[in-house]
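> Sharing input_13.pdb (PDB, N, CA and C atoms) below.
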```
MODEL        1
ATOM      1  N   MET L  25       0.854  -1.182   0.000
ATOM      2  CA  MET L  25       0.000   0.000   0.000
ATOM      3  C   MET L  25       0.899   1.244   0.000
ATOM      4  N   LEU L  26       0.512   2.234  -0.761
ATOM      5  CA  LEU L  26       1.305   3.455  -0.878
ATOM      6  C   LEU L  26       1.252   4.294   0.403
ATOM      7  N   ARG L  27       2.381   4.903   0.718
ATOM      8  CA  ARG L  27       2.491   5.804   1.870
ATOM      9  C   ARG L  27       1.777   7.121   1.526
ATOM     10  N   VAL L  28       1.149   7.738   2.509
ATOM     11  CA  VAL L  28       0.455   9.012   2.313
ATOM     12  C   VAL L  28       1.230  10.113   3.026
ATOM     13  N   GLU L  29       1.508  11.188   2.291
ATOM     14  CA  GLU L  29       2.194  12.351   2.846
ATOM     15  C   GLU L  29       1.306  13.571   2.650
ATOM     16  N   TRP L  30       1.166  14.372   3.692
ATOM     17  CA  TRP L  30       0.404  15.614   3.615
ATOM     18  C   TRP L  30       1.376  16.774   3.440
ATOM     19  N   SER L  31       1.083  17.660   2.508
ATOM     20  CA  SER L  31       1.869  18.898   2.426
ATOM     21  C   SER L  31       1.495  19.758   3.631
ATOM     22  N   ASN L  32       2.378  20.668   3.996
ATOM     23  CA  ASN L  32       2.076  21.573   5.109
ATOM     24  C   ASN L  32       0.806  22.358   4.833
ATOM     25  N   ARG L  33       0.654  22.805   3.599
ATOM     26  CA  ARG L  33      -0.528  23.577   3.217
ATOM     27  C   ARG L  33      -1.800  22.759   3.386
ATOM     28  N   ALA L  34      -1.798  21.522   2.884
ATOM     29  CA  ALA L  34      -2.989  20.675   2.974
ATOM     30  C   ALA L  34      -3.351  20.393   4.429
ATOM     31  N   LEU L  35      -2.347  20.115   5.239
ATOM     32  CA  LEU L  35      -2.600  19.840   6.644
ATOM     33  C   LEU L  35      -3.192  21.065   7.342
ATOM     34  N   LYS L  36      -2.669  22.236   7.042
ATOM     35  CA  LYS L  36      -3.207  23.467   7.624
ATOM     36  C   LYS L  36      -4.651  23.690   7.183
ATOM     37  N   GLU L  37      -4.933  23.493   5.894
ATOM     38  CA  GLU L  37      -6.306  23.663   5.388
ATOM     39  C   GLU L  37      -7.260  22.698   6.094
ATOM     40  N   PHE L  38      -6.824  21.459   6.255
ATOM     41  CA  PHE L  38      -7.638  20.440   6.904
ATOM     42  C   PHE L  38      -7.916  20.807   8.363
ATOM     43  N   LEU L  39      -6.870  21.123   9.108
ATOM     44  CA  LEU L  39      -7.033  21.464  10.522
ATOM     45  C   LEU L  39      -7.838  22.748  10.711
ATOM     46  N   ASP L  40      -7.622  23.742   9.846
ATOM     47  CA  ASP L  40      -8.412  24.982   9.922
ATOM     48  C   ASP L  40      -9.889  24.707   9.657
ATOM     49  N   THR L  41     -10.169  23.815   8.722
ATOM     50  CA  THR L  41     -11.563  23.468   8.411
ATOM     51  C   THR L  41     -12.217  22.776   9.599
ATOM     52  N   LEU L  42     -11.512  21.827  10.199
ATOM     53  CA  LEU L  42     -12.057  21.143  11.376
ATOM     54  C   LEU L  42     -12.337  22.129  12.502
ATOM     55  N   GLU L  43     -11.408  23.029  12.724
ATOM     56  CA  GLU L  43     -11.571  24.024  13.786
ATOM     57  C   GLU L  43     -12.738  24.973  13.475
ATOM     58  N   TYR L  44     -12.850  25.384  12.206
ATOM     59  CA  TYR L  44     -13.954  26.272  11.820
ATOM     60  C   TYR L  44     -15.298  25.617  12.145
ATOM     61  N   TRP L  45     -15.477  24.364  11.728
ATOM     62  CA  TRP L  45     -16.770  23.723  11.936
ATOM     63  C   TRP L  45     -17.028  23.429  13.409
ATOM     64  N   LYS L  46     -15.987  23.139  14.152
ATOM     65  CA  LYS L  46     -16.164  22.937  15.595
ATOM     66  C   LYS L  46     -16.637  24.233  16.254
ATOM     67  N   SER L  47     -16.025  25.344  15.874
ATOM     68  CA  SER L  47     -16.390  26.647  16.424
ATOM     69  C   SER L  47     -17.771  27.089  15.917
ATOM     70  N   HIS L  48     -18.008  26.905  14.638
ATOM     71  CA  HIS L  48     -19.262  27.347  14.020
ATOM     72  C   HIS L  48     -20.470  26.598  14.590
ATOM     73  N   ASN L  49     -20.318  25.285  14.764
ATOM     74  CA  ASN L  49     -21.435  24.461  15.234
ATOM     75  C   ASN L  49     -21.464  24.281  16.749
ATOM     76  N   LEU L  50     -20.424  24.791  17.432
ATOM     77  CA  LEU L  50     -20.282  24.604  18.885
ATOM     78  C   LEU L  50     -20.333  23.125  19.259
ATOM     79  N   SER L  51     -19.782  22.305  18.355
ATOM     80  CA  SER L  51     -19.748  20.858  18.538
ATOM     81  C   SER L  51     -18.677  20.294  17.623
ATOM     82  N   SER L  52     -18.110  19.179  18.007
ATOM     83  CA  SER L  52     -17.105  18.545  17.154
ATOM     84  C   SER L  52     -17.706  17.446  16.277
ATOM     85  N   GLN L  53     -19.018  17.282  16.303
ATOM     86  CA  GLN L  53     -19.667  16.194  15.578
ATOM     87  C   GLN L  53     -19.421  16.283  14.061
ATOM     88  N   TYR L  54     -19.614  17.440  13.449
ATOM     89  CA  TYR L  54     -19.404  17.565  12.006
ATOM     90  C   TYR L  54     -17.919  17.456  11.663
ATOM     91  N   SER L  55     -17.065  17.996  12.511
ATOM     92  CA  SER L  55     -15.620  17.868  12.293
ATOM     93  C   SER L  55     -15.211  16.397  12.292
ATOM     94  N   GLU L  56     -15.786  15.605  13.172
ATOM     95  CA  GLU L  56     -15.494  14.166  13.201
ATOM     96  C   GLU L  56     -16.001  13.481  11.938
ATOM     97  N   LYS L  57     -17.141  13.921  11.438
ATOM     98  CA  LYS L  57     -17.673  13.366  10.194
ATOM     99  C   LYS L  57     -16.704  13.654   9.039
ATOM    100  N   ILE L  58     -16.168  14.873   9.002
ATOM    101  CA  ILE L  58     -15.185  15.239   7.973
ATOM    102  C   ILE L  58     -13.932  14.381   8.131
ATOM    103  N   ARG L  59     -13.434  14.271   9.351
ATOM    104  CA  ARG L  59     -12.219  13.484   9.622
ATOM    105  C   ARG L  59     -12.403  12.029   9.176
ATOM    106  N   GLN L  60     -13.551  11.449   9.476
ATOM    107  CA  GLN L  60     -13.827  10.058   9.091
ATOM    108  C   GLN L  60     -13.894   9.929   7.566
ATOM    109  N   ALA L  61     -14.536  10.882   6.899
ATOM    110  CA  ALA L  61     -14.629  10.842   5.440
ATOM    111  C   ALA L  61     -13.255  10.973   4.790
ATOM    112  N   VAL L  62     -12.408  11.817   5.354
ATOM    113  CA  VAL L  62     -11.038  11.961   4.842
ATOM    114  C   VAL L  62     -10.311  10.634   4.970
ATOM    115  N   SER L  63     -10.411  10.005   6.117
ATOM    116  CA  SER L  63      -9.748   8.725   6.348
ATOM    117  C   SER L  63     -10.224   7.664   5.348
ATOM    118  N   GLU L  64     -11.530   7.588   5.141
ATOM    119  CA  GLU L  64     -12.089   6.616   4.195
ATOM    120  C   GLU L  64     -11.623   6.889   2.772
ATOM    121  N   ASN L  65     -11.563   8.167   2.382
ATOM    122  CA  ASN L  65     -11.138   8.511   1.027
ATOM    123  C   ASN L  65      -9.647   8.281   0.823
ATOM    124  N   ILE L  66      -8.863   8.515   1.839
ATOM    125  CA  ILE L  66      -7.426   8.219   1.732
ATOM    126  C   ILE L  66      -7.217   6.713   1.557
ATOM    127  N   LYS L  67      -7.951   5.908   2.302
ATOM    128  CA  LYS L  67      -7.850   4.449   2.139
ATOM    129  C   LYS L  67      -8.239   4.034   0.721
ATOM    130  N   ALA L  68      -9.282   4.652   0.180
ATOM    131  CA  ALA L  68      -9.708   4.337  -1.188
ATOM    132  C   ALA L  68      -8.623   4.701  -2.192
ATOM    133  N   VAL L  69      -7.979   5.856  -1.985
ATOM    134  CA  VAL L  69      -6.906   6.296  -2.883
ATOM    135  C   VAL L  69      -5.690   5.381  -2.743
ATOM    136  N   GLN L  70      -5.416   4.907  -1.546
ATOM    137  CA  GLN L  70      -4.294   3.985  -1.363
ATOM    138  C   GLN L  70      -4.530   2.676  -2.121
ATOM    139  N   ILE L  71      -5.762   2.221  -2.131
ATOM    140  CA  ILE L  71      -6.104   0.977  -2.823
ATOM    141  C   ILE L  71      -6.145   1.193  -4.338
ATOM    142  N   THR L  72      -6.740   2.297  -4.766
ATOM    143  CA  THR L  72      -6.885   2.620  -6.187
ATOM    144  C   THR L  72      -6.404   4.055  -6.396
ATOM    145  N   PRO L  73      -5.100   4.258  -6.536
ATOM    146  CA  PRO L  73      -4.534   5.614  -6.571
ATOM    147  C   PRO L  73      -5.087   6.520  -7.671
ATOM    148  N   TYR L  74      -5.520   5.945  -8.769
ATOM    149  CA  TYR L  74      -5.959   6.777  -9.887
ATOM    150  C   TYR L  74      -7.474   6.944  -9.934
ATOM    151  N   ILE L  75      -8.122   6.754  -8.788
ATOM    152  CA  ILE L  75      -9.578   6.881  -8.689
ATOM    153  C   ILE L  75     -10.037   8.332  -8.870
ATOM    154  N   GLY L  76      -9.208   9.279  -8.464
ATOM    155  CA  GLY L  76      -9.581  10.695  -8.540
ATOM    156  C   GLY L  76      -9.583  11.210  -9.970
ATOM    157  N   LYS L  77     -10.354  12.251 -10.184
ATOM    158  CA  LYS L  77     -10.446  12.897 -11.492
ATOM    159  C   LYS L  77      -9.180  13.715 -11.747
ATOM    160  N   LYS L  78      -8.641  13.601 -12.959
ATOM    161  CA  LYS L  78      -7.456  14.375 -13.326
ATOM    162  C   LYS L  78      -7.801  15.856 -13.373
ATOM    163  N   ILE L  79      -6.914  16.678 -12.804
ATOM    164  CA  ILE L  79      -7.058  18.123 -12.906
ATOM    165  C   ILE L  79      -5.686  18.720 -13.207
ATOM    166  N   ALA L  80      -5.667  19.911 -13.688
ATOM    167  CA  ALA L  80      -4.444  20.681 -13.955
ATOM    168  C   ALA L  80      -3.520  19.989 -14.945
ATOM    169  N   ASN L  81      -3.030  18.847 -14.602
ATOM    170  CA  ASN L  81      -2.224  18.059 -15.525
ATOM    171  C   ASN L  81      -2.387  16.593 -15.157
ATOM    172  N   LYS L  82      -1.750  15.721 -15.866
ATOM    173  CA  LYS L  82      -1.964  14.289 -15.661
ATOM    174  C   LYS L  82      -1.504  13.771 -14.306
ATOM    175  N   SER L  83      -0.655  14.507 -13.617
ATOM    176  CA  SER L  83      -0.137  13.981 -12.361
ATOM    177  C   SER L  83      -0.913  14.439 -11.135
ATOM    178  N   ILE L  84      -1.893  15.305 -11.296
ATOM    179  CA  ILE L  84      -2.664  15.800 -10.150
ATOM    180  C   ILE L  84      -4.114  15.352 -10.291
ATOM    181  N   ARG L  85      -4.651  14.845  -9.185
ATOM    182  CA  ARG L  85      -6.015  14.310  -9.177
ATOM    183  C   ARG L  85      -6.797  14.883  -8.005
ATOM    184  N   LYS L  86      -8.119  14.753  -8.101
ATOM    185  CA  LYS L  86      -8.994  15.275  -7.048
ATOM    186  C   LYS L  86     -10.098  14.267  -6.804
ATOM    187  N   ILE L  87     -10.351  13.997  -5.522
ATOM    188  CA  ILE L  87     -11.470  13.138  -5.147
ATOM    189  C   ILE L  87     -12.400  13.961  -4.250
ATOM    190  N   ASN L  88     -13.686  13.946  -4.574
ATOM    191  CA  ASN L  88     -14.692  14.736  -3.853
ATOM    192  C   ASN L  88     -15.430  13.860  -2.845
ATOM    193  N   PHE L  89     -15.873  14.484  -1.743
ATOM    194  CA  PHE L  89     -16.647  13.766  -0.736
ATOM    195  C   PHE L  89     -17.463  14.749   0.092
ATOM    196  N   LEU L  90     -18.485  14.243   0.750
ATOM    197  CA  LEU L  90     -19.397  15.039   1.581
ATOM    198  C   LEU L  90     -19.889  16.291   0.844
ATOM    199  N   SER L  91     -20.136  16.186  -0.412
ATOM    200  CA  SER L  91     -20.674  17.253  -1.266
ATOM    201  C   SER L  91     -19.744  18.439  -1.476
ATOM    202  N   ASP L  92     -19.077  18.913  -0.425
ATOM    203  CA  ASP L  92     -18.346  20.178  -0.515
ATOM    204  C   ASP L  92     -16.828  20.070  -0.433
ATOM    205  N   PHE L  93     -16.297  18.903  -0.105
ATOM    206  CA  PHE L  93     -14.873  18.795   0.160
ATOM    207  C   PHE L  93     -14.157  17.939  -0.882
ATOM    208  N   SER L  94     -12.863  18.222  -1.036
ATOM    209  CA  SER L  94     -12.029  17.462  -1.975
ATOM    210  C   SER L  94     -10.630  17.293  -1.401
ATOM    211  N   LEU L  95     -10.013  16.193  -1.779
ATOM    212  CA  LEU L  95      -8.590  16.000  -1.558
ATOM    213  C   LEU L  95      -7.921  16.114  -2.914
ATOM    214  N   VAL L  96      -6.945  16.994  -3.029
ATOM    215  CA  VAL L  96      -6.170  17.163  -4.248
ATOM    216  C   VAL L  96      -4.837  16.486  -3.982
ATOM    217  N   TYR L  97      -4.438  15.557  -4.874
ATOM    218  CA  TYR L  97      -3.259  14.754  -4.592
ATOM    219  C   TYR L  97      -2.494  14.379  -5.855
ATOM    220  N   SER L  98      -1.266  13.943  -5.641
ATOM    221  CA  SER L  98      -0.457  13.397  -6.731
ATOM    222  C   SER L  98       0.035  12.021  -6.298
ATOM    223  N   VAL L  99       0.395  11.216  -7.281
ATOM    224  CA  VAL L  99       0.837   9.848  -7.028
ATOM    225  C   VAL L  99       2.189   9.636  -7.690
ATOM    226  N   ASP L 100       3.100   8.992  -6.963
ATOM    227  CA  ASP L 100       4.328   8.516  -7.602
ATOM    228  C   ASP L 100       4.490   7.039  -7.243
ATOM    229  N   GLU L 101       5.623   6.453  -7.532
ATOM    230  CA  GLU L 101       5.817   5.009  -7.349
ATOM    231  C   GLU L 101       5.651   4.546  -5.909
ATOM    232  N   SER L 102       5.987   5.409  -4.948
ATOM    233  CA  SER L 102       5.997   4.970  -3.559
ATOM    234  C   SER L 102       5.033   5.709  -2.640
ATOM    235  N   SER L 103       4.427   6.795  -3.124
ATOM    236  CA  SER L 103       3.599   7.571  -2.201
ATOM    237  C   SER L 103       2.487   8.348  -2.889
ATOM    238  N   ILE L 104       1.568   8.769  -2.047
ATOM    239  CA  ILE L 104       0.491   9.672  -2.436
ATOM    240  C   ILE L 104       0.733  10.946  -1.647
ATOM    241  N   LYS L 105       0.797  12.074  -2.330
ATOM    242  CA  LYS L 105       1.018  13.346  -1.643
ATOM    243  C   LYS L 105      -0.270  14.163  -1.699
ATOM    244  N   ILE L 106      -0.817  14.468  -0.531
ATOM    245  CA  ILE L 106      -1.998  15.320  -0.438
ATOM    246  C   ILE L 106      -1.494  16.753  -0.597
ATOM    247  N   ILE L 107      -1.920  17.400  -1.674
ATOM    248  CA  ILE L 107      -1.470  18.748  -2.000
ATOM    249  C   ILE L 107      -2.368  19.796  -1.353
ATOM    250  N   SER L 108      -3.677  19.499  -1.341
ATOM    251  CA  SER L 108      -4.630  20.457  -0.791
ATOM    252  C   SER L 108      -5.853  19.731  -0.258
ATOM    253  N   PHE L 109      -6.383  20.255   0.834
ATOM    254  CA  PHE L 109      -7.689  19.851   1.338
ATOM    255  C   PHE L 109      -8.599  21.003   0.976
ATOM    256  N   TRP L 110      -9.549  20.777   0.100
ATOM    257  CA  TRP L 110     -10.288  21.874  -0.498
ATOM    258  C   TRP L 110     -11.758  21.863  -0.102
ATOM    259  N   ASP L 111     -12.260  23.017   0.309
ATOM    260  CA  ASP L 111     -13.684  23.225   0.561
ATOM    261  C   ASP L 111     -14.242  23.880  -0.692
ATOM    262  N   GLY L 112     -15.112  23.190  -1.388
ATOM    263  CA  GLY L 112     -15.643  23.647  -2.667
ATOM    264  C   GLY L 112     -16.460  24.922  -2.595
ATOM    265  N   ARG L 113     -16.776  25.383  -1.402
ATOM    266  CA  ARG L 113     -17.512  26.648  -1.275
ATOM    267  C   ARG L 113     -16.576  27.844  -1.378
ATOM    268  N   ARG L 114     -15.276  27.586  -1.386
ATOM    269  CA  ARG L 114     -14.298  28.664  -1.553
ATOM    270  C   ARG L 114     -14.196  29.026  -3.025
ATOM    271  N   CYS L 115     -13.643  30.169  -3.294
ATOM    272  CA  CYS L 115     -13.459  30.643  -4.672
ATOM    273  C   CYS L 115     -12.500  29.691  -5.392
ATOM    274  N   PRO L 116     -12.915  29.123  -6.531
ATOM    275  CA  PRO L 116     -12.055  28.178  -7.245
ATOM    276  C   PRO L 116     -10.718  28.771  -7.675
ATOM    277  N   ASN L 117     -10.668  30.072  -7.864
ATOM    278  CA  ASN L 117      -9.407  30.714  -8.257
ATOM    279  C   ASN L 117      -8.374  30.691  -7.138
ATOM    280  N   ASP L 118      -8.813  30.422  -5.891
ATOM    281  CA  ASP L 118      -7.893  30.355  -4.758
ATOM    282  C   ASP L 118      -7.141  29.031  -4.696
ATOM    283  N   LEU L 119      -7.604  28.037  -5.462
ATOM    284  CA  LEU L 119      -6.927  26.736  -5.465
ATOM    285  C   LEU L 119      -5.691  26.846  -6.341
ATOM    286  N   LYS L 120      -4.544  26.975  -5.705
ATOM    287  CA  LYS L 120      -3.266  27.092  -6.396
ATOM    288  C   LYS L 120      -2.576  25.737  -6.345
ATOM    289  N   ILE L 121      -2.289  25.200  -7.513
ATOM    290  CA  ILE L 121      -1.644  23.887  -7.577
ATOM    291  C   ILE L 121      -0.259  24.038  -8.151
TER     292      ILE L 121
ENDMDL
END
```
Take the structure from the file and write it as structure tokens.

Amino acid sequence: MLRVEWSNRALKEFLDTLEYWKSHNLSSQYSEKIRQAVSENIKAVQITPYIGKKIANKSIRKINFLSDFSLVYSVDESSIKIISFWDGRRCPNDLKI
């Protein structure tokens, strides 16, 4: 199974999103739902690395989940690199790859 590496940017986006929803909802329930969905999608990508839709160029892919969120990632021989954790409600022009 391929190793998963998070970029600093992706990890910050992910943690900021969890914190936002915890603060916004005054509960960690939705944040846990996001965390669980991320875990399930990472496992799916580890099993089938090319499951995500190609974006930008052939080496970058995106997998969507929970209607509004995406993991943007690249694959090489030994690892999957999470480039961005994306909330689709943000301006698409802000997604810098």
> So that I can check the surroundings of Lys82 (chain L), please list as a PDB file with N, CA and C atoms, keeping the file's coordinate frame every protein, DNA and RNA residue that reaches within 12 Å of it, counting only C-alpha atoms and ignoring chain neighbours fewer than 5 positions away.

```pdb
ATOM      1  N   TYR L  74      -5.520   5.945  -8.769  1.00  0.00           N
ATOM      2  CA  TYR L  74      -5.959   6.777  -9.887  1.00  0.00           C
ATOM      3  C   TYR L  74      -7.474   6.944  -9.934  1.00  0.00           C
ATOM      4  N   GLY L  76      -9.208   9.279  -8.464  1.00  0.00           N
ATOM      5  CA  GLY L  76      -9.581  10.695  -8.540  1.00  0.00           C
ATOM      6  C   GLY L  76      -9.583  11.210  -9.970  1.00  0.00           C
ATOM      7  N   LYS L  77     -10.354  12.251 -10.184  1.00  0.00           N
ATOM      8  CA  LYS L  77     -10.446  12.897 -11.492  1.00  0.00           C
ATOM      9  C   LYS L  77      -9.180  13.715 -11.747  1.00  0.00           C
ATOM     10  N   TYR L  97      -4.438  15.557  -4.874  1.00  0.00           N
ATOM     11  CA  TYR L  97      -3.259  14.754  -4.592  1.00  0.00           C
ATOM     12  C   TYR L  97      -2.494  14.379  -5.855  1.00  0.00           C
ATOM     13  N   SER L  98      -1.266  13.943  -5.641  1.00  0.00           N
ATOM     14  CA  SER L  98      -0.457  13.397  -6.731  1.00  0.00           C
ATOM     15  C   SER L  98       0.035  12.021  -6.298  1.00  0.00           C
ATOM     16  N   VAL L  99       0.395  11.216  -7.281  1.00  0.00           N
ATOM     17  CA  VAL L  99       0.837   9.848  -7.028  1.00  0.00           C
ATOM     18  C   VAL L  99       2.189   9.636  -7.690  1.00  0.00           C
ATOM     19  N   ASP L 100       3.100   8.992  -6.963  1.00  0.00           N
ATOM     20  CA  ASP L 100       4.328   8.516  -7.602  1.00  0.00           C
ATOM     21  C   ASP L 100       4.490   7.039  -7.243  1.00  0.00           C
TER      22      ASP L 100
END
```
> Where in region 29-77 of chain L does DSSP assign helix (DSSP H, G or I), given as a ChimeraX atom specification?
/L:32-49,53-71,73-75
> Which polymer residues have any atom within 10 Å of an atom of Val28 (chain L), counting only C-alpha atoms, with same-chain residues fewer than 6 positions away left out, as a VMD selection string?
chain L and resid 66 to 67 69 to 70 97 99 102 to 106
> What is the CA of Met25 (chain L)-CA of Glu101 (chain L) distance in Å, reported with one decimal?
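These two atoms are separated by 10.6 Å.
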> Write out as an MDAnalysis selection string which residues come within 8 Å of Asn65 (chain L) when counting all atoms listed in the file, dropping same-chain ones fewer than 4 positions away.
chainID L and resid 59:61 69:71 87:89
> Just asking: which residues within chain L are strand (DSSP E or B) according to DSSP, as a ChimeraX atom specification?
/L:27-30,77-79,81,84-89,93-99,103-111
> Write out as a list of chain:residue names the residues lying within 8 Å of Ile58 (chain L), counting only C-alpha atoms and excluding same-chain residues fewer than 4 positions away.
L:Leu42, L:Tyr54, L:Val62, L:Leu90
> Return the single residue from L:Arg85, L:Thr72, L:Leu26, L:Ser55 that is closest to Asp40 (chain L), with distances computed using only C-alpha atoms.
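Closest to Asp40 (chain L), using only C-alpha atoms: L:Ser55.
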> Calculated over only C-alpha atoms, which of the candidates L:Lys46, L:Asp111, L:Thr41, L:Pro73 has the smallest distance to Arg27 (chain L)?
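Going through L:Lys46, L:Asp111, L:Thr41, L:Pro73 one by one, the smallest distance to Arg27 (chain L) is for L:Pro73.
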> Quick one: pull the distance between CA of Asn32 (chain L) and atom N of Trp45 (chain L), Å, one decimal.
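About the pair CA of Asn32 (chain L) and atom N of Trp45 (chain L): they are 19.0 Å apart.
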> Measure the distance from atom C of Ser31 (chain L) to CA of Asp92 (chain L) in Å and round it to one decimal.
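Pair atom C of Ser31 (chain L) / CA of Asp92 (chain L) returns 20.3 Å.
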> Would you please work out which residue, of L:Ser51, L:Ser94, L:Ser63, L:Asn81, is nearest to Ser108 (chain L) when using only N, CA and C atoms?
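Once distances to Ser108 (chain L) are computed over only N, CA and C atoms, the minimum belongs to L:Ser94.
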> For Trp110 (chain L), which of L:Leu35, L:Leu95, L:Ile84, L:Ile75 is the closest residue, counting only C-alpha atoms?
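With only C-alpha atoms as the atom set, the closest residue is L:Leu95.
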